[in-house]
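Participant: One structure, pasted below without further comment.
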Amino acid sequence: MAYEHYIIDSFASELGMGNPAAVLLDARGLTDDQMQQIAADFNLSETTFILHAEVDDPVCVADLSVRFRWFTPMSEVDLCGHASVAGLRAMYDSGRLDRWRNDPSIHVRIETRSGDLDGFIEKVPGEIDEPMIWLTLPSSVISPVELALSTLARVLGTDAGAFDCGIRSVRTGDGDVIVFVRDVATLNGIAPDFDELGVFLTDTDSRGLLVATTSTLTPSITVQSRFFAPTLGVNEDPVTGSVTGPLAIHLVEEGIVEVSEGTAGLACVQGIPGGRTGLIYALVQRDDSGAHAVRIGGRAIVSSKGVYSEA
């Protein structure tokens with residue numbers, strides 16, 4: 001069998017930036033083992049497999065309903081932001097959304113193992129072929145976490161004084177830990193021992209580690225970060241959408257980002273020093289009960305497309 005595929009740079013302003021993901025546009029008939037093997041063959045942090053929705057849109061709000069599954073080279077994951085953005089861009093670029101192409105905003109309902117996601121593709125005036133892609137993430141429970149910072153500092157190749165203890169360390173609903181360091185220079189200087197970091201994450205029952213700082217180089221950037229997930233086969237992920245949502249909510253709840261008329265806007269940079277870097281926009285909305293919802297968005301650029309053939 002042959003499968004049409006795309007490679008998409010998500011949260012990128014130009015080719016070779018952001019976070020690349022592979023997308024198979026029609027994964028019907030593939031077994032779990034086949035999906036895992038294909039993801040290993042692409043050897044990117046995630047591969048998106050697009051399938052037909054299992055349940056009709058109950059209120060018929062979306063223009064189209066689909067199902068996404070995501071695999072790292074080693075395992076399936078419940079949620080992946082940049083690979084979702086890549087999947088939406090591949091659907092748009094392949095013509096699968098042409099029926100709604102003249103609409104200013106295309107709404108796609110996405111079934112996932114984490115629940116339904118809302119994807120929005122918005123046309124930017126004057127940039128017909130470069131839409132903005134937005135993704136509403138599921139609610140995330142953020143809880144404080146106690147960490148052995150001296151041990152973590154050693155694992156990261158830094159010192160315990162590197163951490164910004166004025167902002168609480170937290171764990172997300174996906175099992176990622178978020179910690180803060182004092183500035184960008186400290187962030188960029190981190191050099192993890194990935195074997196030891198894998199042990200640290202396993203011992204703390206964590207999926208990944210986001211290291212962030214709000215002491216950025218320009219006021220236009222709210223927060224800068226790096227993300228590590230060696231136990232998933234991804235030592236360092238260039239740009240991680242799924243953890244950016246909880247990060248944005250945490251900064252709002254900590255009072256670091258101001259909420260105006262119920263909404264806070266953040267510009268979040270993540271990248272590998274000297275390598276790929278991306279920009280994620282986040283919108284955090286607070287309802288009357290005080291609960292927060294988050295939408296992340298950014299550009300996605302087609303790097304390549306072709307046909308994957310099973311051996």
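Each chain in the structure tokens gets a letter, A, B and so on, in the order shown; residues start at 1 in every chain, and ligands are counted from 1 in the order they appear.
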Show which residues sit within 10 Å of Val199 in chain A, as a list of chain:residue names. Count only C-alpha atoms, and ignore same-chain residues fewer than 5 positions away.
Facilitator: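 The filter keeps A:Val155, A:Phe194, A:Thr204, A:Asp205, A:Ser206, A:Pro230, A:Thr231.
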Participant: Would you kindly return, as an MDAnalysis selection string, each protein, DNA or RNA residue with an atom no farther than 6 Å from any atom of Thr48 in chain A, considering only C-alpha atoms and excluding same-chain residues fewer than 5 positions away?
Facilitator: chainID A and resid 23 69:70 83
Participant: Next, dump the selected residues to file, keeping only C-alpha atoms, as a PDB file, in the first residue's frame.
Facilitator:
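File selection.pdb, as written:
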```
ATOM      1  CA  VAL A  23       1.441  13.433   8.391  1.00  0.00           C
ATOM      2  CA  ARG A  69      -3.407   9.510  16.302  1.00  0.00           C
ATOM      3  CA  TRP A  70       0.209  10.431  17.082  1.00  0.00           C
ATOM      4  CA  ALA A  83       1.700  17.429  15.038  1.00  0.00           C
TER       5      ALA A  83
END
```
Participant: Select from range 106-210 of chain A everything DSSP, run on the backbone, classes as strand (DSSP E or B), then give the selection as an mmCIF file with C-alpha atoms, in the first residue's frame.
Facilitator:
```cif
data_model
loop_
_atom_site.group_PDB
_atom_site.id
_atom_site.type_symbol
_atom_site.label_atom_id
_atom_site.label_comp_id
_atom_site.auth_asym_id
_atom_site.auth_seq_id
_atom_site.Cartn_x
_atom_site.Cartn_y
_atom_site.Cartn_z
ATOM 1 C CA ILE A 106 -12.395 26.663 8.759
ATOM 2 C CA HIS A 107 -13.397 24.682 11.842
ATOM 3 C CA VAL A 108 -12.234 21.070 12.192
ATOM 4 C CA ARG A 109 -13.281 18.791 15.050
ATOM 5 C CA ILE A 110 -10.492 16.347 15.957
ATOM 6 C CA GLU A 111 -11.124 13.168 17.924
ATOM 7 C CA LEU A 117 -9.913 19.170 20.006
ATOM 8 C CA ASP A 118 -11.082 22.188 18.017
ATOM 9 C CA GLY A 119 -8.889 23.207 15.111
ATOM 10 C CA PHE A 120 -9.325 26.514 13.292
ATOM 11 C CA ILE A 121 -7.632 27.523 10.058
ATOM 12 C CA GLU A 122 -7.801 31.284 9.521
ATOM 13 C CA LYS A 123 -6.848 33.050 6.366
ATOM 14 C CA VAL A 124 -4.584 36.047 6.743
ATOM 15 C CA GLU A 127 -1.347 35.762 2.553
ATOM 16 C CA ILE A 128 -3.785 33.323 0.957
ATOM 17 C CA ASP A 129 -1.489 30.285 1.046
ATOM 18 C CA GLU A 130 -0.071 30.856 4.542
ATOM 19 C CA PRO A 131 -2.962 30.489 6.994
ATOM 20 C CA MET A 132 -2.789 30.798 10.747
ATOM 21 C CA ILE A 133 -3.648 27.539 12.468
ATOM 22 C CA TRP A 134 -5.220 27.504 15.930
ATOM 23 C CA LEU A 135 -5.858 24.610 18.261
ATOM 24 C CA THR A 136 -8.004 24.643 21.384
ATOM 25 C CA SER A 143 -0.614 20.947 40.296
ATOM 26 C CA PRO A 144 2.422 22.027 42.347
ATOM 27 C CA PHE A 163 16.421 27.971 39.175
ATOM 28 C CA VAL A 170 4.225 22.362 38.465
ATOM 29 C CA ARG A 171 3.073 19.143 36.857
ATOM 30 C CA ASP A 176 5.059 16.983 32.144
ATOM 31 C CA VAL A 177 7.009 18.956 34.746
ATOM 32 C CA ILE A 178 7.569 22.706 34.290
ATOM 33 C CA VAL A 179 10.456 24.433 36.069
ATOM 34 C CA PHE A 180 11.842 27.947 35.699
ATOM 35 C CA VAL A 181 15.398 29.261 35.483
ATOM 36 C CA GLY A 208 8.823 15.202 30.010
ATOM 37 C CA LEU A 209 10.491 18.308 31.411
ATOM 38 C CA LEU A 210 9.944 21.901 30.278
#
```
Participant: Quick one: residues within 7 Å of Arg276 in chain A, only C-alpha atoms counted, chain neighbours fewer than 6 positions away excluded, as a ChimeraX atom specification?
Facilitator: /A:16-18,238
Participant: From range 37-261 of chain A, collect each residue whose DSSP state is alpha helix (DSSP H) and return the set as a PyMOL selection string.
Facilitator: chain A and resi 37-42+81-93+149-156+184-188+194-203+241-253
Participant: Under the rule of at most 12 Å, produce a per-residue listing of range 132-235 of chain A near range 254-265 of chain A: chain, number, name, the closest pair of atoms, and the distance in Å, as a Markdown table, using only C-alpha atoms.
Facilitator:
```
| residue | atom | partner | partner_atom | distance |
| --- | --- | --- | --- | --- |
| A:Ile142 | CA | A:Glu254 | CA | 11.5 |
| A:Pro144 | CA | A:Glu254 | CA | 11.6 |
| A:Gly166 | CA | A:Glu254 | CA | 9.9 |
| A:Ile167 | CA | A:Glu254 | CA | 7.4 |
| A:Arg168 | CA | A:Glu254 | CA | 8.3 |
| A:Ser169 | CA | A:Glu254 | CA | 11.0 |
| A:Val170 | CA | A:Glu254 | CA | 11.2 |
| A:Thr213 | CA | A:Ile256 | CA | 11.6 |
| A:Thr214 | CA | A:Ile256 | CA | 8.7 |
| A:Ser215 | CA | A:Ile256 | CA | 11.3 |
| A:Pro219 | CA | A:Val257 | CA | 11.9 |
| A:Ser220 | CA | A:Gly265 | CA | 10.8 |
| A:Ile221 | CA | A:Gly265 | CA | 10.6 |
| A:Thr222 | CA | A:Val257 | CA | 8.0 |
| A:Val223 | CA | A:Val257 | CA | 10.0 |
```
Participant: Would you kindly return, as a list in words, each protein, DNA or RNA residue with an atom no farther than 12 Å from any atom of Gly233 in chain A, considering only C-alpha atoms and excluding same-chain residues fewer than 4 positions away?
Facilitator: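 Counting only C-alpha atoms, the residues come to Ala39, Ala40, Asn43, Leu44, Ser45, Glu46, Phe71, Thr72, Pro73, Met74, Ser75, Glu76, Val77, Phe194, Asp195, Gly198, Arg207, Gly208, Phe228, Ala229 and Asp237 of chain A.
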Participant: Leu283 in chain A: which residues within 9 Å, counting only C-alpha atoms, same-chain residues fewer than 6 positions away excluded, as a ChimeraX atom specification?
Facilitator: /A:245,248,263-266,293-297
Participant: Take the residues from that selection and put them in a file with N, CA and C atoms, as a CSV table (one decimal), in the first residue's frame.
Facilitator:
```
chain,number,residue,atom,x,y,z
A,245,GLY,N,0.3,25.1,26.3
A,245,GLY,CA,-1.0,25.5,26.8
A,245,GLY,C,-1.0,25.5,28.3
A,248,ALA,N,1.1,28.4,29.6
A,248,ALA,CA,0.4,29.7,29.5
A,248,ALA,C,-0.6,29.9,30.6
A,263,THR,N,-9.2,37.8,28.8
A,263,THR,CA,-8.3,37.1,27.9
A,263,THR,C,-6.9,37.6,28.1
A,264,ALA,N,-6.0,36.7,28.1
A,264,ALA,CA,-4.5,37.0,28.2
A,264,ALA,C,-3.9,36.5,26.9
A,265,GLY,N,-3.0,37.3,26.3
A,265,GLY,CA,-2.3,36.8,25.1
A,265,GLY,C,-0.8,36.7,25.4
A,266,LEU,N,-0.2,35.6,24.9
A,266,LEU,CA,1.2,35.3,25.2
A,266,LEU,C,1.9,35.0,23.9
A,293,ALA,N,-9.3,28.4,29.8
A,293,ALA,CA,-9.2,27.6,28.6
A,293,ALA,C,-8.1,28.2,27.8
A,294,VAL,N,-7.4,27.4,27.0
A,294,VAL,CA,-6.3,27.9,26.2
A,294,VAL,C,-6.4,27.5,24.7
A,295,ARG,N,-6.0,28.4,23.9
A,295,ARG,CA,-5.9,28.1,22.4
A,295,ARG,C,-4.5,28.5,22.0
A,296,ILE,N,-3.8,27.6,21.3
A,296,ILE,CA,-2.5,27.9,20.8
A,296,ILE,C,-2.5,28.0,19.3
A,297,GLY,N,-1.6,28.8,18.7
A,297,GLY,CA,-1.6,29.0,17.3
A,297,GLY,C,-0.3,29.4,16.7
```
Participant: Considering only C-alpha atoms, state which residue in the set A:Val211, A:Leu147, A:Asp193, A:Ser140 is at the smallest distance from Ala162 in chain A.
Facilitator: A:Val211
